[in-house]
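Participant: Attaching a single structure in structure tokens format; questions to follow.
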Amino acid sequence: MHRTWLFVRRFLMGLALLAGSLLLPAAAEEATTPGGAAAVSAATAIPPPPAIVTASGAAANPLKPRIIKGTADHSKFDILKKPFASGPEVTAACLTCHTEASKQVMGSIHYSWTFDNKATGQKLGKRYTLNSFCGNVGANEPRCTSCHAGYNFTDVRLGPPQNETAVDCLVCHDTSGQYAKLDNAAGNPALAPVPEKAKTITGALAKPSNLTAAALSVGGPRLENCGQCHFNGGGGDNVKHGDLSSALYAADTHVDVHMASKDNHGQGMMCSTCHKQEAHQWHGSRYAPTAAQAPDRHKPGAPRTASTCESCHGNTPHKGESVVGMKLNDHTDRVACQTCHIPTFAKGGVATKTLWDWSTAGKLKDGKPIQEDGYHQGNGKPRDTYLSTKGTFAWGEEVKPHYAWFNGTTHYVTDSDVIDPKQPLAMNWIDGAANDPASRIHPFKLMHGKQAYDTELNHLLYNQVYGPKTDTAFWTNFSYDKSLKAAMDYMGKPYSGKYGFVETTMLWPITHMVAKKDEALKCTACHAPQGVLASLGGFYMPGREPLSWVNLAGLFLIFATLAGVGIHALGRLISSRRRSKQ
Amino acid sequence: MTRRYVKVYPRFERFYHWGQALLIFVLFFTGLGVAGLHALVPYGLAVTVHTIAAVLLLVLWVFATFWHFTTGDWLHYLPTTKGLFNVARYYAYGVFRGEEHPFNKRFWAKNNPLQALTYVFLKAVLFPAIWITGILYLTYSFWDHVAAANLWLGWVAVIHALAAFTLAAFVIVHVYLLTLGHTFRDHVRPMITGYDIVDLSPEEEAYLAHDQMKRLGPVAGGHH
């Protein structure tokens with residue numbers, strides 16, 4: 001009886017295997033059919049292999065295959081299979097199922113452009129802060145808000161539109177790769193007929209977006225979705241952050257060990273692999289980064305409250321069997337992972353802007369604006385070193401970071417702060433100290449600038465650069481007299497009418513572009529005289545000061561002992577010679 | 001009184017002495033590297049070797065301490081003022097006049113009074129200073145949460161380094177003094193073979209002859 005049962009079981013198993021081997025290739029083929037976004041049906045007899053499907057029109061766009069992780073295939077939704085005349089119409093369709101999505105997005109910084117910094121009480125976010133790049137959003141809206149996660153954010157003073165269809169679902173969820181926002185249309189995409197020479201927010205020539213194709217393609221955000229805005233902050237590829245650039249699209253492990261594809265010996269991660277979200281609120285903040293050592297929640301199912309390195313790697317990431325590994329693990333409470341593991345940023349041939357001097361802007365040649373492309377970056381592309389519209393720039397690649405103690409609290413200069421124009425003005429400054437246990441040493445991009453300020457009232461000035469139909473905007477009229485006044489009037493701020501330019505600095509935390517581990521800083525990068533932390537004082541670190549008073553005293557003791565012994569020996573030699581003569 | 005070769009340094013003591021010497025040399029060399037005074041070995045390797053050698057030395061010291069007390073050998077390190085001046089005077093003056101070393105080893109006093117005093121200072125002050133600060137340094141991550149921990153660590157490092165340099169100075173003098181009195185080889189040999197010339201009382205000689213035959217060597221002739 002038992003033997004018979006065993007035989008039946010084996011027979012059935014063999015049959016199943018045979019059937020599987022015949023059917024699986026067919027299923028796989030079906031799954032990779034171009035255009036068949038998620039062509040695998042739940043009714044298929046054999047459970048499908050991991051549903052790797054190409055986005056529609058795979059041959060036409062350079063996107064990577066996407067993985068449907070959810071349970072809905074949007075290409076099958078009838079409500080999306082229709083022509084759309086505008087972005088908000090697509091959003092309206094999304095909201096029929098995703099009833100709470102817009103409320104969530106509108107409460108997020110991607111939409112509100114507002115951040116209440118609890119540590120400092122400052123109201124921050126793009127609506128409020130001033131920076132060393134374009135300076136300010138106010139009076140430049142349709143251009144600056146082209147990267148807003150919504151449609152028709154046309155007045156920064158009023159805030160973004162509060163109707164739910166003003167949320168732009170596609171900018172983050174399109175996977176067709178052909179949905180693109182115009183660079184001057186307050187977040188609206190390029191739609192037919194596209195104006196001549198119109199550009200998208202990535203600087204590419206604009207082509208009409210097919211909203212239906214985009215709507216049918218929606219999925220989780222990929223690198224390209226995040227990158228179109230975040231890689232182009234400050235008006236161009238890697239201009240602002242230094243560690244976020246188009247080089248991450250095809251990174252090798254030198255550029256970014258996580259985002260390099262698996263074929264490239266990396267991990268093939270996307271932004272959202274680390275930056276987790278709940279209800280469209282994303283972990284990770286430039287305004288309030290998690291700078292102190294995060295609690296080690298490196299346990300299965302443990303909640304993640306931050307997108308730190310420790311979220312995945314824990315607090316003791318180095319192999320602890322060796323003394324060096326143990327010592328490195330001892331560092332993690334005082335030295336951020338990024339400090340050693342991002343020895344340089346702006347890698348992969350894409351430079352970052354290191355200086356932006358607005359004071360030289362406005363020079364014209366034969367009444368026409370000038371462009372000088374004085375920098376050629378690693379990937380061969382020229383970068384401008386002078387623009388009549390923007391002034392003078394300097395660029396850097398493989399930039400060594402500026403290091404500082406940082407506890408996560410960042411302060412920003414505001415439009416009403418009285419400044420000392422004789423000193424370089426810190427556009428932001430950070431809290432942190434060696435004797436503060438919540439501080440760790442972090443790498444930063446140190447940006448230099450020169451920006452307009454009111455020479456009478458001694459505060460920074462807003463500038464209107466964009467406004468092609470105005471007679472005030474700087475990029476059109478090249479007159480600071482007009483553009484500064486227009487922006488200050490627009491923002492309702494006092495302005496004496498007299499302006500000058502003040503040197504500025506700004507710190508940008510560096511946290512991306514983690515190099516492969518053998519490129520990490522070695523011990524003597526810091527534990528040596530004139531190491532990379534030479535500018536940080538006030539704490540003990542072995543090896544940084546070979547000629548400390550202790551070592552000098554010790555060496556003196558040794559030389560004095562040797563001298564004493566030598567004199568003693570000499571005395572014995574002389575006295576013994578003298579005795580032997582006698 | 002008879003002058004005989006007697007095994008005054010048993011095998012463990014010799015092992016302890018040379019093991020300690022080697023470890024102290026390694027520790028001093030790598031310690032200078034960690035302090036940034038040379039880069040003859042990579043920093044990480046210097047830290048590794050320094051740490052491992054330190055742990056080995058601590059283990060050796062635990063055994064040596066146990067050995068000193070269980071064998072009663074610690075009695076050799078009891079400092080005494082008796083004859084101390086004579087030895088000091090010899091080093092400062094007598095040696096230049098060709099005088100004989102004023103101290104002869106006895107069965108229960110294999111160190112001269114100045115040696116005993118130095119070794120007591122070494123074992124009771126310098127070694128504890130270096131191992132207490134060393135352990136504090138090594139275990140910094142267990143107490144780095146206390147207020148101003150890094151400031152304290154700085155002072156721990158200062159004491160550690162000063163003790164280390166003092167120890168190095170001791171080693172220089174220690175080696176130099178081997179050239180005094182007897183020849184250098186005569187001084188080093190006992191720490192290799194274990195046998196040295198010792199003044200024995202008749203009772204001690206009888207005891208050794210009767211109970212510790214292996215420790216008793218030939219009668220020493222010649223000077224001294």
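Labels used: A, B, ... for chains in the order of the structure tokens, numbers from 1 for residues in each chain, and numbers from 1 for ligands as shown.
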Considering only C-alpha atoms, give me a table of residues in chain B that are at most 8 Å from chain A, with the closest atom pair and distance in Å for each, as CSV.

Facilitator:
```
residue,atom,partner,partner_atom,distance
B:Gly33,CA,A:Gly543,CA,7.7
B:Val34,CA,A:Gly543,CA,5.6
B:Ala35,CA,A:Gly543,CA,4.4
B:Gly36,CA,A:Gly543,CA,4.1
B:Leu37,CA,A:Pro546,CA,5.2
B:Tyr43,CA,A:Cys523,CA,6.3
B:Gly44,CA,A:Val324,CA,6.0
B:Leu45,CA,A:Val324,CA,7.9
B:Val47,CA,A:Val324,CA,7.4
B:Thr48,CA,A:Val323,CA,5.3
B:Thr51,CA,A:Val323,CA,7.5
B:Val95,CA,A:Arg572,CA,6.9
B:Phe96,CA,A:Arg572,CA,5.1
B:Arg97,CA,A:Ser575,CA,6.7
B:Gly98,CA,A:Ser576,CA,6.9
B:Ser141,CA,A:Asp330,CA,6.2
B:His145,CA,A:Pro437,CA,7.4
B:Ala148,CA,A:Asn435,CA,6.5
B:Asn150,CA,A:Tyr540,CA,6.2
B:Leu151,CA,A:Phe539,CA,6.9
B:Leu153,CA,A:Tyr540,CA,7.1
B:Gly154,CA,A:Tyr540,CA,5.3
B:Val158,CA,A:Val550,CA,6.2
B:Ala161,CA,A:Val550,CA,7.0
B:Leu162,CA,A:Gly554,CA,6.1
B:Phe165,CA,A:Gly554,CA,5.0
B:Thr166,CA,A:Leu557,CA,7.3
B:Ala168,CA,A:Ile558,CA,7.0
B:Ala169,CA,A:Ile558,CA,5.4
B:Ile172,CA,A:Leu562,CA,7.0
B:Val173,CA,A:Val565,CA,6.8
B:Tyr176,CA,A:Val565,CA,6.9
```

Participant: Skipping near chain neighbours, those fewer than 3 positions away, what residues fall within 10 Å of Ser496 (chain A) using only C-alpha atoms, listed as a list in words?

Facilitator: Asp454, Thr455, Glu456, Leu457, Asn458, Lys485 and Tyr499 of chain A

Participant: Please, could you write that set of residues out with all heavy atoms as an mmCIF file, in the first residue's frame?

Facilitator:
```cif
data_model
loop_
_atom_site.group_PDB
_atom_site.id
_atom_site.type_symbol
_atom_site.label_atom_id
_atom_site.label_comp_id
_atom_site.auth_asym_id
_atom_site.auth_seq_id
_atom_site.Cartn_x
_atom_site.Cartn_y
_atom_site.Cartn_z
ATOM 1 N N ASP A 454 20.830 94.270 -0.565
ATOM 2 C CA ASP A 454 20.457 95.676 -0.442
ATOM 3 C C ASP A 454 21.548 96.388 0.354
ATOM 4 O O ASP A 454 21.749 96.103 1.534
ATOM 5 C CB ASP A 454 19.095 95.760 0.270
ATOM 6 C CG ASP A 454 18.555 97.177 0.286
ATOM 7 O OD1 ASP A 454 19.344 98.119 0.480
ATOM 8 O OD2 ASP A 454 17.323 97.324 0.112
ATOM 9 N N THR A 455 22.272 97.305 -0.296
ATOM 10 C CA THR A 455 23.415 97.929 0.376
ATOM 11 C C THR A 455 22.988 98.924 1.452
ATOM 12 O O THR A 455 23.801 99.346 2.268
ATOM 13 C CB THR A 455 24.323 98.655 -0.640
ATOM 14 O OG1 THR A 455 23.511 99.545 -1.396
ATOM 15 C CG2 THR A 455 25.015 97.666 -1.552
ATOM 16 N N GLU A 456 21.741 99.310 1.443
ATOM 17 C CA GLU A 456 21.252 100.214 2.498
ATOM 18 C C GLU A 456 20.667 99.421 3.662
ATOM 19 O O GLU A 456 20.977 99.671 4.823
ATOM 20 C CB GLU A 456 20.160 101.145 1.933
ATOM 21 C CG GLU A 456 20.626 102.019 0.782
ATOM 22 C CD GLU A 456 21.514 103.158 1.271
ATOM 23 O OE1 GLU A 456 21.156 103.840 2.239
ATOM 24 O OE2 GLU A 456 22.615 103.339 0.677
ATOM 25 N N LEU A 457 19.827 98.476 3.333
ATOM 26 C CA LEU A 457 19.117 97.736 4.378
ATOM 27 C C LEU A 457 19.855 96.449 4.794
ATOM 28 O O LEU A 457 19.475 95.799 5.767
ATOM 29 C CB LEU A 457 17.703 97.378 3.901
ATOM 30 C CG LEU A 457 16.831 98.588 3.537
ATOM 31 C CD1 LEU A 457 15.526 98.146 2.893
ATOM 32 C CD2 LEU A 457 16.540 99.452 4.770
ATOM 33 N N ASN A 458 20.904 96.098 4.034
ATOM 34 C CA ASN A 458 21.727 94.938 4.362
ATOM 35 C C ASN A 458 20.931 93.644 4.526
ATOM 36 O O ASN A 458 21.012 92.962 5.540
ATOM 37 C CB ASN A 458 22.564 95.204 5.610
ATOM 38 C CG ASN A 458 23.736 96.119 5.320
ATOM 39 O OD1 ASN A 458 24.265 96.100 4.205
ATOM 40 N ND2 ASN A 458 24.103 96.929 6.292
ATOM 41 N N LYS A 485 14.123 95.111 -8.307
ATOM 42 C CA LYS A 485 12.972 95.880 -7.818
ATOM 43 C C LYS A 485 11.670 95.127 -8.084
ATOM 44 O O LYS A 485 10.799 95.027 -7.210
ATOM 45 C CB LYS A 485 12.942 97.261 -8.495
ATOM 46 C CG LYS A 485 11.702 98.091 -8.196
ATOM 47 C CD LYS A 485 12.071 99.523 -7.934
ATOM 48 C CE LYS A 485 10.922 100.396 -7.449
ATOM 49 N NZ LYS A 485 9.781 99.754 -6.864
ATOM 50 N N TYR A 499 21.825 98.288 -4.647
ATOM 51 C CA TYR A 499 22.228 96.891 -4.478
ATOM 52 C C TYR A 499 23.725 96.719 -4.678
ATOM 53 O O TYR A 499 24.385 97.550 -5.314
ATOM 54 C CB TYR A 499 21.463 95.983 -5.455
ATOM 55 C CG TYR A 499 21.808 96.227 -6.906
ATOM 56 C CD1 TYR A 499 22.841 95.518 -7.512
ATOM 57 C CD2 TYR A 499 21.115 97.169 -7.661
ATOM 58 C CE1 TYR A 499 23.179 95.747 -8.842
ATOM 59 C CE2 TYR A 499 21.451 97.406 -8.978
ATOM 60 C CZ TYR A 499 22.489 96.690 -9.561
ATOM 61 O OH TYR A 499 22.827 96.932 -10.866
#
```

Participant: So which one's closest to His101 (chain B), B:Ala163, B:Pro190, B:Leu177, B:Leu200? Using only C-alpha atoms, please.

Facilitator: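 Among the listed residues, B:Leu177 lies closest to His101 (chain B).
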
Participant: Using only C-alpha atoms, determine which residues lie at most 9 Å from Thr118 (chain B), disregarding the query and same-chain residues fewer than 5 positions distant; provide the list as a PyMOL selection string.

Facilitator: chain B and resi 77+79+113+123+170
